[in-house]
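Here the structure is laid out as structure tokens; the discussion comes afterwards.
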Number of protein chains: 2
Amino acid sequence: MQIIEDVGEMRRWSETERCAGRRIVFVPTMGFLHDGHLSLVREGKKRGDRLVVSIFVNPAQFGPNEDFAAYPRDPGRDRELLEKEKVDLLFSPSADAMYPKNSQAYVEVEQLSRPLCGPFRPGHFRGVATVVTKLLNIVRPHAALFGEKDYQQLQVVRRLVRDLNLDVEIVGHPTVREKDGLAMSSRNSYLNGEERNAALSLYRSLQKAESLVRQGQRESRRIVEVAEAEIGKEPLARVEYIEVCDPESLEPVEIVGERALLALAVRIGKTRLIDNIILQVEK
Amino acid sequence: MQIIEDVGEMRRWSETERCAGRRIVFVPTMGFLHDGHLSLVREGKKRGDRLVVSIFVNPAQFGPNEDFAAYPRDPGRDRELLEKEKVDLLFSPSADAMYPKNSQAYVEVEQLSRPLCGPFRPGHFRGVATVVTKLLNIVRPHAALFGEKDYQQLQVVRRLVRDLNLDVEIVGHPTVREKDGLAMSSRNSYLNGEERNAALSLYRSLQKAESLVRQGQRESRRIVEVAEAEIGKEPLARVEYIEVCDPESLEPVEIVGERALLALAVRIGKTRLIDNIILQVEK
């Protein structure tokens, strides 16, 4: 596996591969890789000729009181895992290379950044949109893969690619879960045993809501109530939001039509976790 | 001269040229071409193998009370002029192609958009930064040329290219003036005879200020006073701003060091004109 840290070198690699007619697939990550990432990597391998993974913990998407400094890092282990998956190239730039002094250009995706996590993480999606734009401009892949666990992020990325005319296909990939249902996340490493157990309430509440919809319930208010009650049973859990919304625009919906997104953010102790499912109504 | 209106077709043309090893130079314009534009075109011809000119009157950079609808257009004449200059490709997309329904991603260049024209044209530089990002992503040139008449715009573009890691060289090109000193601008076509005459006060005031600096004056306040007094002689002229600032950061300077930008915006009747010079102090 080749490792590139320099932006210019990354560009040249990409231009050479593109002009040789090879299809480049890209999986951007913040490292501390888990099976969710590796599932993106395996899917990426199938979708092109060259697979690039980036590892960059992006300071711009963390708020001043968030966990940037504490965010888990293990570059040695990450490299080994990527070697094993036969990734062609690891791009791991420094923060100085990505944000030179006096950086002041930002990408904003307005409406899609506002609901759900928006109010709880001011500036987060601006940071995400900016770094994804930068990475896509540097790596210049034909396709890029993002996990559906970060559903709002995926929608923000799809929109910036369309609206800023970036020439890349964005592929969403299903959330990977532990055997007991917990959505994989680097932040799960913050949880102690008791918290880990309380965190299971997230997926349990999504499943309860889903089965309610399967039984014919269409009112978002009722669906949210059931999900909230399930999480309410866990003293360690504190709901930030649980919402039913349109899966494209992310605007709230009162009645579930054919498809709706049920998304939530919950604090387990100090750890903030998110999860979501798509509610499908069979006709 | 080839003409492309479709975004996808433009991309494919560019990818083919790049992979054939040819250097693409790009001159983005809003059309109604004058000798200022043609001077960019001629410079562009020297700097690469293929010259692309775009014509797109960008709605996003006009405020609600500005002259988008009235902005002068003459596509037939523009095409003839570009043919004569042996431009390789004219890219002239429709507004729908550039801004599909529900467009909501924008590029902001924060500090550089704030001074000078910033307060007088809210949203203008966001519109410029966004459309330039889009055009550069579509055309994918090796170099792009911008006139120094729109000095703040040039700095905004330089910064977004650096900060968003766009792989393109930005080249500034000196302002082209009429024989009597008026900076060329498509908006000069709005001026009647009397206003045309009043508009000469812009360059005259810049020259007065420059000669003051040549005589040893270094205080921005004094320099601005002299420039203002010159424009004050014209009853049809109303100053929006006259400022001395750092040519990179655009922050105001009190004392002219080695180099400073003297920039102004003046209304002549209903027409808003801008101009600037670099004040150089010889050591």
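Labels used: A, B, ... for chains in the order of the structure tokens, numbers from 1 for residues in each chain, and numbers from 1 for ligands as shown.
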List as a ChimeraX atom specification the protein and nucleic acid residues near region 79-96 of chain B, meaning an atom at most 7 Å away when only C-alpha atoms are counted, but skip any in the same chain fewer than 5 places from it.
/B:1-6,50-56
As a list in words, please: the residues near Arg114 (chain B) (cut-off 10 Å, only C-alpha atoms, same-chain neighbours under 6 positions excluded).
Phe120, Arg121, Pro122, Phe125, Gln152, Leu250 and Glu251 of chain B
Keeping only C-alpha atoms, write those residues as a compact mmCIF listing (two decimals), in the first residue's frame.
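After the write, result_12.txt holds the following:
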```
# COMPACT_ATOMS: atom_id res chain seq x y z
CA PHE B 120 -22.47 47.64 -0.45
CA ARG B 121 -23.19 44.35 -2.22
CA PRO B 122 -24.33 41.81 0.38
CA PHE B 125 -18.81 37.69 -3.30
CA GLN B 152 -11.34 42.21 -4.59
CA LEU B 250 -7.56 43.95 1.95
CA GLU B 251 -7.42 45.21 5.51
```
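Proximity to Arg214 (chain B) was assessed for B:Asn58, B:Gln280, B:Thr16, B:Asn102 counting only C-alpha atoms; the smallest distance is recorded for B:Gln280.
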So that I can check the secondary structure, give me every residue of region 120-273 of chain A assigned alpha helix (DSSP H) by backbone DSSP, as a ChimeraX atom specification.
/A:124-139,151-163,193-198,200-214,220-232
Once you count only C-alpha atoms, what closest atom pair and distance in Å to one decimal does each residue of chain A within 6 Å of chain B have, with rows by chain and rising residue number, as a tab-separated table?
```
residue	atom	partner	partner_atom	distance
A:Cys19	CA	B:Cys19	CA	5.0
A:Ser103	CA	B:Asp163	CA	5.8
A:Gln104	CA	B:Val109	CA	5.5
A:Ala105	CA	B:Val109	CA	4.2
A:Tyr106	CA	B:Glu108	CA	5.2
A:Val107	CA	B:Val107	CA	4.6
A:Glu108	CA	B:Tyr106	CA	5.2
A:Val109	CA	B:Ala105	CA	4.2
A:Glu110	CA	B:Gln104	CA	5.5
A:Lys134	CA	B:Leu164	CA	4.9
A:Asn137	CA	B:Leu166	CA	5.9
A:Leu160	CA	B:Ala105	CA	5.4
A:Asp163	CA	B:Ala105	CA	5.7
A:Leu164	CA	B:Lys134	CA	4.9
A:Asn165	CA	B:Lys134	CA	5.5
A:Leu166	CA	B:Asn137	CA	5.9
```
Produce a file of the selected residues containing N, CA and C atoms, as an mmCIF file, in the first residue's frame.
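In the end it all went to again-v6.cif:
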```cif
data_model
loop_
_atom_site.group_PDB
_atom_site.id
_atom_site.type_symbol
_atom_site.label_atom_id
_atom_site.label_comp_id
_atom_site.auth_asym_id
_atom_site.auth_seq_id
_atom_site.Cartn_x
_atom_site.Cartn_y
_atom_site.Cartn_z
ATOM 1 N N CYS A 19 -5.779 9.452 -16.239
ATOM 2 C CA CYS A 19 -5.430 9.531 -17.657
ATOM 3 C C CYS A 19 -5.030 8.164 -18.212
ATOM 4 N N SER A 103 -6.731 30.248 6.428
ATOM 5 C CA SER A 103 -7.795 29.624 5.638
ATOM 6 C C SER A 103 -9.112 30.316 5.950
ATOM 7 N N GLN A 104 -9.859 30.660 4.927
ATOM 8 C CA GLN A 104 -11.099 31.407 5.161
ATOM 9 C C GLN A 104 -12.181 31.096 4.144
ATOM 10 N N ALA A 105 -11.962 30.101 3.285
ATOM 11 C CA ALA A 105 -13.022 29.713 2.344
ATOM 12 C C ALA A 105 -13.741 28.490 2.891
ATOM 13 N N TYR A 106 -15.056 28.555 2.891
ATOM 14 C CA TYR A 106 -15.880 27.484 3.440
ATOM 15 C C TYR A 106 -17.008 27.142 2.490
ATOM 16 N N VAL A 107 -17.447 25.890 2.569
ATOM 17 C CA VAL A 107 -18.613 25.459 1.803
ATOM 18 C C VAL A 107 -19.775 25.276 2.769
ATOM 19 N N GLU A 108 -20.894 25.871 2.429
ATOM 20 C CA GLU A 108 -22.107 25.760 3.232
ATOM 21 C C GLU A 108 -23.182 25.082 2.404
ATOM 22 N N VAL A 109 -23.838 24.094 2.984
ATOM 23 C CA VAL A 109 -25.030 23.525 2.354
ATOM 24 C C VAL A 109 -26.174 23.925 3.263
ATOM 25 N N GLU A 110 -26.982 24.863 2.803
ATOM 26 C CA GLU A 110 -27.833 25.584 3.753
ATOM 27 C C GLU A 110 -28.949 24.750 4.371
ATOM 28 N N LYS A 134 -12.591 19.730 -0.232
ATOM 29 C CA LYS A 134 -11.144 19.770 -0.364
ATOM 30 C C LYS A 134 -10.605 18.383 -0.738
ATOM 31 N N ASN A 137 -11.411 17.452 -4.236
ATOM 32 C CA ASN A 137 -10.596 18.217 -5.189
ATOM 33 C C ASN A 137 -9.163 17.700 -5.252
ATOM 34 N N LEU A 160 -23.664 18.994 -2.034
ATOM 35 C CA LEU A 160 -22.556 19.883 -2.413
ATOM 36 C C LEU A 160 -21.917 19.405 -3.710
ATOM 37 N N ASP A 163 -24.362 20.612 -6.384
ATOM 38 C CA ASP A 163 -24.473 22.059 -6.521
ATOM 39 C C ASP A 163 -23.153 22.731 -6.898
ATOM 40 N N LEU A 164 -22.036 22.160 -6.516
ATOM 41 C CA LEU A 164 -20.741 22.757 -6.888
ATOM 42 C C LEU A 164 -20.145 22.048 -8.105
ATOM 43 N N ASN A 165 -20.915 21.175 -8.727
ATOM 44 C CA ASN A 165 -20.494 20.507 -9.969
ATOM 45 C C ASN A 165 -19.204 19.723 -9.832
ATOM 46 N N LEU A 166 -19.061 19.045 -8.695
ATOM 47 C CA LEU A 166 -17.928 18.140 -8.569
ATOM 48 C C LEU A 166 -18.240 16.888 -9.385
#
```
Give me, as a VMD selection string, the residues of region 73-235 of chain B that a backbone DSSP run labels strand (DSSP E or B).
chain B and resid 89 to 91 105 to 109 143 to 147 169 to 173 177 183 219
Close residues, Gly31 (chain B) itself excluded, 8 Å, only C-alpha atoms, min 3 positions apart in chain, as a PyMOL selection string:
chain B and resi 55-57+73-75+78
Using only N, CA and C atoms, please write the residues we just selected to a file, as an mmCIF file, in the first residue's frame.
```cif
data_model
loop_
_atom_site.group_PDB
_atom_site.id
_atom_site.type_symbol
_atom_site.label_atom_id
_atom_site.label_comp_id
_atom_site.auth_asym_id
_atom_site.auth_seq_id
_atom_site.Cartn_x
_atom_site.Cartn_y
_atom_site.Cartn_z
ATOM 1 N N ILE B 55 -19.250 32.374 -21.066
ATOM 2 C CA ILE B 55 -20.154 33.517 -20.935
ATOM 3 C C ILE B 55 -21.328 33.047 -20.109
ATOM 4 N N PHE B 56 -21.459 33.645 -18.938
ATOM 5 C CA PHE B 56 -22.585 33.289 -18.070
ATOM 6 C C PHE B 56 -22.857 34.472 -17.150
ATOM 7 N N VAL B 57 -24.023 35.081 -17.307
ATOM 8 C CA VAL B 57 -24.407 36.169 -16.412
ATOM 9 C C VAL B 57 -24.988 35.501 -15.170
ATOM 10 N N ARG B 73 -26.295 42.414 -22.711
ATOM 11 C CA ARG B 73 -26.021 41.109 -23.317
ATOM 12 C C ARG B 73 -25.993 41.279 -24.831
ATOM 13 N N ASP B 74 -25.064 40.646 -25.497
ATOM 14 C CA ASP B 74 -25.031 40.634 -26.959
ATOM 15 C C ASP B 74 -24.294 39.378 -27.427
ATOM 16 N N PRO B 75 -24.944 38.221 -27.297
ATOM 17 C CA PRO B 75 -24.270 36.944 -27.561
ATOM 18 C C PRO B 75 -23.736 36.824 -28.993
ATOM 19 N N ASP B 78 -20.542 38.844 -29.192
ATOM 20 C CA ASP B 78 -19.526 38.161 -28.380
ATOM 21 C C ASP B 78 -18.922 36.991 -29.152
#
```
Glu243 (chain B): which residues within 7 Å, counting only C-alpha atoms, same-chain residues fewer than 2 positions away excluded, as number ranges by chain?
B: 224, 241, 245, 262-264
Kindly give the distance, in Å, that separates CA of Lys179 (chain B) and CA of Ile231 (chain B), rounded to a single decimal.
19.3 Å
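Closest approach to Ser14 (chain B) from the set B:Val226, B:Cys117, B:Leu38, B:Val139 is made by B:Val139, with distances taken over only C-alpha atoms.
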One number please: CA of Pro141 (chain B) to CA of Arg126 (chain B), in Å, one decimal.
21.4 Å
Report as an NGL selection string all protein, DNA and RNA residues lying within 9 Å of Thr271 (chain A), evaluated on only C-alpha atoms, omitting residues in the same chain fewer than 6 positions from it.
:A and (187-188 or 190-191 or 195)
Using the selection just defined, write its residues with N, CA and C atoms as an mmCIF file, in the first residue's frame.
```cif
data_model
loop_
_atom_site.group_PDB
_atom_site.id
_atom_site.type_symbol
_atom_site.label_atom_id
_atom_site.label_comp_id
_atom_site.auth_asym_id
_atom_site.auth_seq_id
_atom_site.Cartn_x
_atom_site.Cartn_y
_atom_site.Cartn_z
ATOM 1 N N ARG A 187 -16.647 6.410 18.035
ATOM 2 C CA ARG A 187 -16.973 6.959 19.358
ATOM 3 C C ARG A 187 -17.466 5.887 20.334
ATOM 4 N N ASN A 188 -17.826 4.695 19.852
ATOM 5 C CA ASN A 188 -18.221 3.629 20.784
ATOM 6 C C ASN A 188 -17.089 3.313 21.755
ATOM 7 N N TYR A 190 -15.533 5.245 23.511
ATOM 8 C CA TYR A 190 -15.650 6.058 24.726
ATOM 9 C C TYR A 190 -16.476 5.367 25.811
ATOM 10 N N LEU A 191 -17.298 4.380 25.431
ATOM 11 C CA LEU A 191 -18.301 3.827 26.350
ATOM 12 C C LEU A 191 -17.689 2.804 27.311
ATOM 13 N N GLU A 195 -22.386 1.846 29.983
ATOM 14 C CA GLU A 195 -22.836 2.755 28.921
ATOM 15 C C GLU A 195 -23.055 1.986 27.614
#
```
